[in-house]
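Let me begin by presenting the structure, written as structure tokens, before commenting on it.
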Amino acid sequence: MNKLKIFSIAFLTASAVSKAQDLDLAKKVLDAEQYEKAKSMLKTIIQAKPDNGRANFLLGTIYLKQNIEDSASIFFQKGLVSSDGARFNTIGLGQLDLESGNVTAAQAKFDQVMKGIRKKDVEEYVYIAQAYMNNSKPDYKSAISLLNKARLINPNDANVMLALGDAFYGDKNQNDAYAAYRDAYVADNTLIRAKMQLGVLLKGAKAYTEALKAYDEVIALNANYGPVYRELAETYYLWASNKPATYTENMAKALSNYEKYMSLTDYSITSRMRHADFLVLAKDYKALELEANKMKELDKVNPRIMRYLGYAAYQNGNPDAAISALTDYTTKGTNKIIAGDYYYLGLAKVAKSVAADGKTVDTTMLASGTADLKKALDMDIVMANGLNEIGKKYFSQKLYNLASALFELAITNPNSRNYLEDNVYFGLSVLTINRTKDAKDIDSIALVKADVAMDNVITATPNYQEAYLYKARINSTLDKDDVMAATYEKYLDIVVAKGDEEITKNKTKVTESYNSIAAFYANTDKVKAKEYFAKTLVLDSTNEYATESLKKLK
């Protein structure tokens, strides 16, 4: 009997060790971002022992990473009644509370967990800190505070230091993040993500060459560690974006490394969506369309696929398909809408507003498109940057009403990198639309806005002579002759100060200015009027308007 008891205890111990090893292996697979494989392993563990709370918690955490909150909640609830590790599932439910904006409920759950842990345990600290960090409104300072307490309990715990590195990184404290990642790797050199994060810090500092060297060190340790290839892809993407001369070469490397990442992780619908997000960044819309259609084959009901199909359709010249997909996506109340969804829907409608002849415009469709674009900018004003290139395309096609609508939206962001140019194009578009109209038909409200746009340019660049010329023409169209004459004078002051060569180069504009000022004075100061007409004839002796006007003034 004694031998039987000893054997039973040994068997149970071995079984527990085996389960712990299985769980540790699942954690490594999860860290390698092989989510589908990790889910399969954890489900097997739960099938063998349904009340394994840790396995339920890890499985719920994966679903949270994949934004499948309903499934995450199911596994957290199952784990909550487990005999082993139930408290971790309380943490998971707390993260769901944070995601829904219920900070009070989350805090109550975290406090409940903290009361029940042993003095030397730090694992719970790590998971609560991750809950603070891994939601749509991360709270890095709370995570740092918690992890610093854990570090006092166990200064050498590698997972505490790794999480602390993530918290400092999220809080934009590069120096402390570096120290924490370094210490985590020193404490446990199997914790390869800690070493990879040292390269991520270099990427954030735009030290791209140094970041690549750091990633190469990770690959030398484990060439099959998928996340490092994602970081390589993102580093090459940033390098390409910040150094235009390297764009073609580095973007090709970015896309290649992302494909490598996918091959080493999985081709699940969630991974494909992550890939699709990267393709949007990389502006590879042909590949995005292919990926979106593959996702549609895998999951016909996932609404987010419509986002990618819509983006790709617009960029690949199919506004009808873009409008259909994005209208479907944005009108479903349960979908999480981002600025890009309204942005591409708006642009697709603007494109659709142009008739087949390339000249006539459906004003109702244009208005609907600009309304969607405004929604996008209300959500993320930085998106105004992208309107510059599109607006200039329509301007070059002489679709000035489309151009003016886009530039009017663009200049709502005074911090845009194209702000001054957008103001110029907005003013020019409005001026061009109205300058040939009869007085009764001009859009005076738009012209006043155009005048303000030119003032924005003049304030920022007082020596930009063309802004004065355009402002003068705008005020001429508005019949504000006093402002017109004064602004033409300022234009002439800049041109004349630059010398005869500049005057000759701008002969037509200078004579326009002289004649317009002369016409303004013709009824009030004939001497001045004659003076300006005479200046015109010095430059252009055959100028008919000046010649005939002088005859009438005698």
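The way I read the labels, and the way they are meant: chains A, B, ... in the order of the structure tokens, residue 1 as the first residue of every chain, and ligand 1 as the first ligand shown, with later ones counted on from there.
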
Segment 318-392 of chain A: which residues are alpha helix (DSSP H) by DSSP, as a ChimeraX atom specification? /A:319-330,339-352,363-379,387-392

Could you write those residues out with N, CA and C atoms, as a short mmCIF file (atom, residue, chain, number, x, y, z; two decimals), in the first residue's frame?
```cif
data_model
loop_
_atom_site.label_atom_id
_atom_site.label_comp_id
_atom_site.auth_asym_id
_atom_site.auth_seq_id
_atom_site.Cartn_x
_atom_site.Cartn_y
_atom_site.Cartn_z
N PRO A 319 -14.72 53.23 -57.72
CA PRO A 319 -15.46 53.94 -56.66
C PRO A 319 -16.80 53.31 -56.31
N ASP A 320 -17.46 52.68 -57.28
CA ASP A 320 -18.76 52.06 -57.00
C ASP A 320 -18.60 50.95 -55.95
N ALA A 321 -17.61 50.09 -56.16
CA ALA A 321 -17.37 48.99 -55.21
C ALA A 321 -16.95 49.53 -53.85
N ALA A 322 -16.17 50.61 -53.85
CA ALA A 322 -15.72 51.23 -52.60
C ALA A 322 -16.91 51.79 -51.82
N ILE A 323 -17.80 52.49 -52.52
CA ILE A 323 -18.98 53.07 -51.87
C ILE A 323 -19.86 51.95 -51.29
N SER A 324 -20.06 50.89 -52.06
CA SER A 324 -20.88 49.77 -51.61
C SER A 324 -20.30 49.13 -50.34
N ALA A 325 -19.00 48.82 -50.37
CA ALA A 325 -18.36 48.14 -49.24
C ALA A 325 -18.33 49.01 -48.00
N LEU A 326 -17.94 50.28 -48.16
CA LEU A 326 -17.77 51.14 -47.00
C LEU A 326 -19.09 51.67 -46.45
N THR A 327 -20.09 51.82 -47.30
CA THR A 327 -21.42 52.17 -46.81
C THR A 327 -21.96 51.03 -45.96
N ASP A 328 -21.75 49.80 -46.44
CA ASP A 328 -22.16 48.62 -45.69
C ASP A 328 -21.46 48.59 -44.32
N TYR A 329 -20.17 48.88 -44.32
CA TYR A 329 -19.41 48.80 -43.07
C TYR A 329 -19.78 49.92 -42.09
N THR A 330 -19.91 51.13 -42.58
CA THR A 330 -20.12 52.28 -41.67
C THR A 330 -21.56 52.40 -41.19
N ALA A 339 -11.35 56.73 -38.65
CA ALA A 339 -11.38 57.87 -39.56
C ALA A 339 -11.20 57.45 -41.02
N GLY A 340 -10.34 56.46 -41.25
CA GLY A 340 -10.07 56.01 -42.62
C GLY A 340 -11.30 55.50 -43.32
N ASP A 341 -12.26 54.96 -42.57
CA ASP A 341 -13.48 54.42 -43.20
C ASP A 341 -14.29 55.54 -43.86
N TYR A 342 -14.48 56.63 -43.13
CA TYR A 342 -15.20 57.77 -43.71
C TYR A 342 -14.35 58.47 -44.77
N TYR A 343 -13.04 58.47 -44.57
CA TYR A 343 -12.12 59.14 -45.50
C TYR A 343 -12.23 58.51 -46.89
N TYR A 344 -12.11 57.18 -46.94
CA TYR A 344 -12.15 56.52 -48.25
C TYR A 344 -13.56 56.51 -48.83
N LEU A 345 -14.58 56.43 -47.97
CA LEU A 345 -15.95 56.52 -48.46
C LEU A 345 -16.18 57.89 -49.08
N GLY A 346 -15.70 58.93 -48.41
CA GLY A 346 -15.85 60.29 -48.93
C GLY A 346 -15.13 60.47 -50.26
N LEU A 347 -13.89 59.98 -50.33
CA LEU A 347 -13.13 60.13 -51.57
C LEU A 347 -13.77 59.35 -52.72
N ALA A 348 -14.32 58.18 -52.40
CA ALA A 348 -14.99 57.39 -53.44
C ALA A 348 -16.20 58.13 -53.98
N LYS A 349 -16.96 58.78 -53.09
CA LYS A 349 -18.12 59.55 -53.54
C LYS A 349 -17.71 60.77 -54.35
N VAL A 350 -16.61 61.41 -53.95
CA VAL A 350 -16.11 62.56 -54.73
C VAL A 350 -15.72 62.09 -56.14
N ALA A 351 -15.03 60.95 -56.21
CA ALA A 351 -14.64 60.40 -57.52
C ALA A 351 -15.87 60.03 -58.34
N LYS A 352 -16.86 59.45 -57.67
CA LYS A 352 -18.10 59.03 -58.35
C LYS A 352 -18.89 60.24 -58.85
N THR A 363 -23.51 67.31 -58.06
CA THR A 363 -23.28 68.11 -56.85
C THR A 363 -23.82 67.43 -55.59
N THR A 364 -24.88 66.64 -55.73
CA THR A 364 -25.43 65.92 -54.57
C THR A 364 -24.45 64.88 -54.07
N MET A 365 -23.86 64.12 -55.00
CA MET A 365 -22.87 63.11 -54.63
C MET A 365 -21.62 63.78 -54.06
N LEU A 366 -21.22 64.91 -54.63
CA LEU A 366 -20.06 65.64 -54.12
C LEU A 366 -20.31 66.10 -52.68
N ALA A 367 -21.49 66.62 -52.42
CA ALA A 367 -21.82 67.09 -51.07
C ALA A 367 -21.80 65.94 -50.07
N SER A 368 -22.30 64.78 -50.50
CA SER A 368 -22.29 63.61 -49.62
C SER A 368 -20.86 63.17 -49.33
N GLY A 369 -20.01 63.22 -50.36
CA GLY A 369 -18.60 62.84 -50.18
C GLY A 369 -17.86 63.78 -49.24
N THR A 370 -18.08 65.07 -49.40
CA THR A 370 -17.39 66.03 -48.52
C THR A 370 -17.90 65.92 -47.08
N ALA A 371 -19.18 65.55 -46.91
CA ALA A 371 -19.72 65.35 -45.56
C ALA A 371 -19.02 64.18 -44.88
N ASP A 372 -18.77 63.10 -45.64
CA ASP A 372 -18.06 61.95 -45.07
C ASP A 372 -16.61 62.31 -44.75
N LEU A 373 -16.00 63.09 -45.62
CA LEU A 373 -14.62 63.52 -45.37
C LEU A 373 -14.53 64.37 -44.11
N LYS A 374 -15.54 65.20 -43.89
CA LYS A 374 -15.55 66.01 -42.68
C LYS A 374 -15.64 65.12 -41.43
N LYS A 375 -16.45 64.07 -41.51
CA LYS A 375 -16.53 63.12 -40.40
C LYS A 375 -15.15 62.51 -40.12
N ALA A 376 -14.43 62.18 -41.19
CA ALA A 376 -13.09 61.60 -41.04
C ALA A 376 -12.15 62.57 -40.33
N LEU A 377 -12.18 63.83 -40.76
CA LEU A 377 -11.29 64.83 -40.17
C LEU A 377 -11.68 65.15 -38.73
N ASP A 378 -12.97 65.07 -38.43
CA ASP A 378 -13.41 65.26 -37.04
C ASP A 378 -12.84 64.18 -36.13
N MET A 379 -12.66 62.99 -36.69
CA MET A 379 -12.11 61.88 -35.91
C MET A 379 -10.58 61.92 -35.86
N LEU A 387 -5.29 65.10 -48.44
CA LEU A 387 -6.17 65.74 -49.42
C LEU A 387 -5.41 66.61 -50.41
N ASN A 388 -4.18 66.98 -50.07
CA ASN A 388 -3.41 67.88 -50.93
C ASN A 388 -3.19 67.28 -52.32
N GLU A 389 -2.67 66.08 -52.36
CA GLU A 389 -2.35 65.45 -53.65
C GLU A 389 -3.61 65.21 -54.48
N ILE A 390 -4.69 64.80 -53.82
CA ILE A 390 -5.95 64.52 -54.54
C ILE A 390 -6.56 65.81 -55.05
N GLY A 391 -6.53 66.84 -54.21
CA GLY A 391 -7.06 68.14 -54.63
C GLY A 391 -6.31 68.70 -55.83
N LYS A 392 -4.99 68.56 -55.82
CA LYS A 392 -4.18 69.06 -56.95
C LYS A 392 -4.49 68.30 -58.24
#
```

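For Ala184 of chain A, the set of protein, DNA and RNA residues having any atom at most 10 Å away, when counting only C-alpha atoms and skipping those fewer than 6 positions along the same chain, is A:Asn156, A:Asp157, A:Ala158, A:Asn159, A:Val160, A:Met161, A:Leu162, A:Ala163, A:Leu164, A:Gly165, A:Tyr178, A:Thr190, A:Leu191, A:Ile192, A:Arg193, A:Ala194, A:Lys195.
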
For the residues in that selection, give me N, CA, C and O atoms as a PDB file, in the first residue's frame.
```pdb
ATOM      1  N   ASN A 156      14.575  40.469  -9.636  1.00  0.00           N
ATOM      2  CA  ASN A 156      15.199  39.718 -10.735  1.00  0.00           C
ATOM      3  C   ASN A 156      14.191  38.988 -11.615  1.00  0.00           C
ATOM      4  O   ASN A 156      14.587  38.155 -12.427  1.00  0.00           O
ATOM      5  N   ASP A 157      12.926  39.284 -11.459  1.00  0.00           N
ATOM      6  CA  ASP A 157      11.924  38.591 -12.270  1.00  0.00           C
ATOM      7  C   ASP A 157      11.938  39.157 -13.695  1.00  0.00           C
ATOM      8  O   ASP A 157      11.637  40.335 -13.920  1.00  0.00           O
ATOM      9  N   ALA A 158      12.269  38.321 -14.658  1.00  0.00           N
ATOM     10  CA  ALA A 158      12.435  38.765 -16.043  1.00  0.00           C
ATOM     11  C   ALA A 158      11.120  39.259 -16.645  1.00  0.00           C
ATOM     12  O   ALA A 158      11.090  40.236 -17.405  1.00  0.00           O
ATOM     13  N   ASN A 159      10.004  38.592 -16.293  1.00  0.00           N
ATOM     14  CA  ASN A 159       8.713  38.989 -16.856  1.00  0.00           C
ATOM     15  C   ASN A 159       8.256  40.344 -16.325  1.00  0.00           C
ATOM     16  O   ASN A 159       7.599  41.113 -17.042  1.00  0.00           O
ATOM     17  N   VAL A 160       8.597  40.630 -15.078  1.00  0.00           N
ATOM     18  CA  VAL A 160       8.297  41.950 -14.523  1.00  0.00           C
ATOM     19  C   VAL A 160       9.064  43.016 -15.295  1.00  0.00           C
ATOM     20  O   VAL A 160       8.512  44.056 -15.686  1.00  0.00           O
ATOM     21  N   MET A 161      10.346  42.754 -15.529  1.00  0.00           N
ATOM     22  CA  MET A 161      11.175  43.735 -16.241  1.00  0.00           C
ATOM     23  C   MET A 161      10.732  43.916 -17.693  1.00  0.00           C
ATOM     24  O   MET A 161      10.742  45.020 -18.225  1.00  0.00           O
ATOM     25  N   LEU A 162      10.308  42.819 -18.329  1.00  0.00           N
ATOM     26  CA  LEU A 162       9.820  42.913 -19.710  1.00  0.00           C
ATOM     27  C   LEU A 162       8.555  43.766 -19.770  1.00  0.00           C
ATOM     28  O   LEU A 162       8.434  44.662 -20.618  1.00  0.00           O
ATOM     29  N   ALA A 163       7.623  43.500 -18.863  1.00  0.00           N
ATOM     30  CA  ALA A 163       6.388  44.294 -18.825  1.00  0.00           C
ATOM     31  C   ALA A 163       6.681  45.750 -18.488  1.00  0.00           C
ATOM     32  O   ALA A 163       6.055  46.672 -19.036  1.00  0.00           O
ATOM     33  N   LEU A 164       7.655  45.965 -17.602  1.00  0.00           N
ATOM     34  CA  LEU A 164       8.030  47.334 -17.248  1.00  0.00           C
ATOM     35  C   LEU A 164       8.619  48.064 -18.458  1.00  0.00           C
ATOM     36  O   LEU A 164       8.350  49.248 -18.684  1.00  0.00           O
ATOM     37  N   GLY A 165       9.403  47.333 -19.246  1.00  0.00           N
ATOM     38  CA  GLY A 165       9.926  47.910 -20.491  1.00  0.00           C
ATOM     39  C   GLY A 165       8.797  48.342 -21.414  1.00  0.00           C
ATOM     40  O   GLY A 165       8.824  49.441 -21.985  1.00  0.00           O
ATOM     41  N   TYR A 178      14.714  51.014 -22.232  1.00  0.00           N
ATOM     42  CA  TYR A 178      15.937  50.298 -22.647  1.00  0.00           C
ATOM     43  C   TYR A 178      16.523  49.517 -21.472  1.00  0.00           C
ATOM     44  O   TYR A 178      16.865  48.336 -21.601  1.00  0.00           O
ATOM     45  N   THR A 190      16.427  33.414 -22.499  1.00  0.00           N
ATOM     46  CA  THR A 190      15.485  32.754 -23.413  1.00  0.00           C
ATOM     47  C   THR A 190      14.320  33.689 -23.759  1.00  0.00           C
ATOM     48  O   THR A 190      13.501  33.377 -24.614  1.00  0.00           O
ATOM     49  N   LEU A 191      14.269  34.816 -23.060  1.00  0.00           N
ATOM     50  CA  LEU A 191      13.191  35.786 -23.285  1.00  0.00           C
ATOM     51  C   LEU A 191      13.571  36.658 -24.480  1.00  0.00           C
ATOM     52  O   LEU A 191      13.976  37.814 -24.356  1.00  0.00           O
ATOM     53  N   ILE A 192      13.391  36.091 -25.652  1.00  0.00           N
ATOM     54  CA  ILE A 192      13.928  36.701 -26.873  1.00  0.00           C
ATOM     55  C   ILE A 192      13.203  38.003 -27.234  1.00  0.00           C
ATOM     56  O   ILE A 192      13.777  38.886 -27.872  1.00  0.00           O
ATOM     57  N   ARG A 193      11.948  38.138 -26.811  1.00  0.00           N
ATOM     58  CA  ARG A 193      11.224  39.372 -27.127  1.00  0.00           C
ATOM     59  C   ARG A 193      11.874  40.580 -26.463  1.00  0.00           C
ATOM     60  O   ARG A 193      11.859  41.688 -27.004  1.00  0.00           O
ATOM     61  N   ALA A 194      12.461  40.371 -25.267  1.00  0.00           N
ATOM     62  CA  ALA A 194      13.129  41.482 -24.583  1.00  0.00           C
ATOM     63  C   ALA A 194      14.280  42.004 -25.435  1.00  0.00           C
ATOM     64  O   ALA A 194      14.490  43.221 -25.547  1.00  0.00           O
ATOM     65  N   LYS A 195      15.013  41.071 -26.048  1.00  0.00           N
ATOM     66  CA  LYS A 195      16.137  41.491 -26.906  1.00  0.00           C
ATOM     67  C   LYS A 195      15.628  42.174 -28.168  1.00  0.00           C
ATOM     68  O   LYS A 195      16.185  43.172 -28.620  1.00  0.00           O
TER      69      LYS A 195
END
```

From the set A:Ala233, A:Ala177, A:Ala312, A:Leu264, which residue has the shortest atom-to-atom contact distance to Val29 of chain A, counting only C-alpha atoms? A:Leu264

I'd like the contact shell of Glu123 of chain A - 10 Å cut-off, only C-alpha atoms, skipping same-chain residues fewer than 3 positions apart - returned as JSON, numbers by chain. {"A": [88, 117, 120, 126, 127, 128, 129, 150, 157, 159, 160]}

Which residues are near Tyr419 of chain A? Cut-off 10 Å, only C-alpha atoms, ignore same chain within fewer than 3 positions. Put them as a list in words. Ala384, Asn385, Asn388, Phe407, Ala410, Ile411, Thr412, Asn413, Pro414, Asn415, Ser416, Asp422, Asn423, Val424, Ala453, Asn456 and Val457 of chain A

Please dump the current selection as a short mmCIF file (atom, residue, chain, number, x, y, z; two decimals), in the first residue's frame; keep C-alpha atoms.
```cif
data_model
loop_
_atom_site.label_atom_id
_atom_site.label_comp_id
_atom_site.auth_asym_id
_atom_site.auth_seq_id
_atom_site.Cartn_x
_atom_site.Cartn_y
_atom_site.Cartn_z
CA ALA A 384 -6.17 66.38 -43.93
CA ASN A 385 -2.58 65.87 -45.12
CA ASN A 388 -3.41 67.88 -50.93
CA PHE A 407 -8.83 72.14 -50.12
CA ALA A 410 -7.65 70.44 -45.88
CA ILE A 411 -7.12 73.94 -44.45
CA THR A 412 -9.14 73.10 -41.35
CA ASN A 413 -5.87 71.63 -40.05
CA PRO A 414 -3.46 74.55 -39.48
CA ASN A 415 -0.74 72.06 -38.51
CA SER A 416 -0.87 70.22 -41.83
CA ASP A 422 -3.64 74.11 -49.56
CA ASN A 423 -4.69 77.71 -48.79
CA VAL A 424 -3.25 78.90 -52.11
CA ALA A 453 -7.00 81.83 -47.19
CA ASN A 456 -3.21 83.05 -44.09
CA VAL A 457 -0.50 82.69 -46.73
#
```

Contact residues around Asn242 of chain A with only C-alpha atoms at 12 Å, ignoring same-chain residues under 6 positions, as a compact mmCIF listing (two decimals) with N, CA and C atoms, in the first residue's frame:
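Ended up saving to selection-v3.txt:
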```
# COMPACT_ATOMS: atom_id res chain seq x y z
N LYS A 203 14.35 51.64 -33.62
CA LYS A 203 13.44 51.98 -34.72
C LYS A 203 12.69 53.27 -34.40
N LYS A 206 14.49 56.38 -35.00
CA LYS A 206 14.86 56.53 -36.42
C LYS A 206 16.30 56.12 -36.68
N ALA A 207 16.87 55.29 -35.78
CA ALA A 207 18.21 54.74 -36.01
C ALA A 207 18.02 53.40 -36.73
N TYR A 208 17.64 53.49 -38.00
CA TYR A 208 17.19 52.30 -38.72
C TYR A 208 18.30 51.27 -38.92
N THR A 235 10.20 48.54 -39.68
CA THR A 235 11.40 49.40 -39.73
C THR A 235 11.70 49.82 -41.16
N TYR A 236 11.65 48.87 -42.09
CA TYR A 236 11.88 49.21 -43.50
C TYR A 236 10.79 50.15 -44.02
N ASN A 250 13.33 49.95 -49.93
CA ASN A 250 12.95 49.60 -48.56
C ASN A 250 11.50 49.13 -48.44
N MET A 251 10.62 49.65 -49.28
CA MET A 251 9.24 49.19 -49.22
C MET A 251 9.14 47.74 -49.70
```

List the neighbours of Gly85 of chain A out to 7 Å using only C-alpha atoms; skip same-chain residues closer than 3 positions along the sequence, and give me the result as a compact mmCIF listing (two decimals) with N, CA, C and O atoms, in the first residue's frame.
```txt
# COMPACT_ATOMS: atom_id res chain seq x y z
N ASN A 52 -8.88 24.21 -15.55
CA ASN A 52 -7.55 24.84 -15.57
C ASN A 52 -7.74 26.34 -15.82
O ASN A 52 -7.90 26.78 -16.96
N GLY A 53 -7.73 27.11 -14.75
CA GLY A 53 -8.01 28.54 -14.85
C GLY A 53 -6.97 29.29 -15.65
O GLY A 53 -7.30 30.23 -16.39
N ARG A 54 -5.73 28.90 -15.53
CA ARG A 54 -4.67 29.60 -16.27
C ARG A 54 -4.84 29.42 -17.77
O ARG A 54 -4.66 30.37 -18.54
N SER A 82 -12.77 27.97 -11.86
CA SER A 82 -11.77 26.91 -11.85
C SER A 82 -11.17 26.75 -10.47
O SER A 82 -11.15 27.68 -9.65
N PHE A 88 -6.80 34.78 -12.17
CA PHE A 88 -6.29 35.38 -13.41
C PHE A 88 -7.45 35.78 -14.33
O PHE A 88 -7.38 36.78 -15.06
```

Glu36 of chain A environment, 9 Å, only C-alpha atoms, sequence neighbours closer than 2 positions dropped, as a list of chain:residue names: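 Counting only C-alpha atoms, the residues come to A:Leu30, A:Glu33, A:Gln34, A:Ala38, A:Lys39, A:Ser40, A:Met41, A:Ile62, A:Thr265, A:Asp266, A:Tyr267, A:Ser268.
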
Interatomic distance (Å, one decimal) between atom CA of Tyr237 of chain A and atom CA of Pro138 of chain A: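 For atom CA of Tyr237 of chain A relative to atom CA of Pro138 of chain A, the distance reads 25.0 Å.
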
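Counting from atom CA of Glu217 of chain A, the distance to atom CA of Leu202 of chain A is 13.7 Å.
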
Which distance in Å separates atom CA of Ser71 of chain A and atom CA of Leu59 of chain A, to one decimal?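 Between these atoms lies a distance of 9.1 Å.
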
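The closest residue to Asp216 of chain A, picked from A:Thr248, A:Glu231, A:Tyr261, A:Asn135 and counting only C-alpha atoms, is A:Glu231.
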
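Nearest residue to Arg151 of chain A among A:Leu550, A:Ser263, A:Ala180, A:Tyr308 is A:Ala180, counting only C-alpha atoms.
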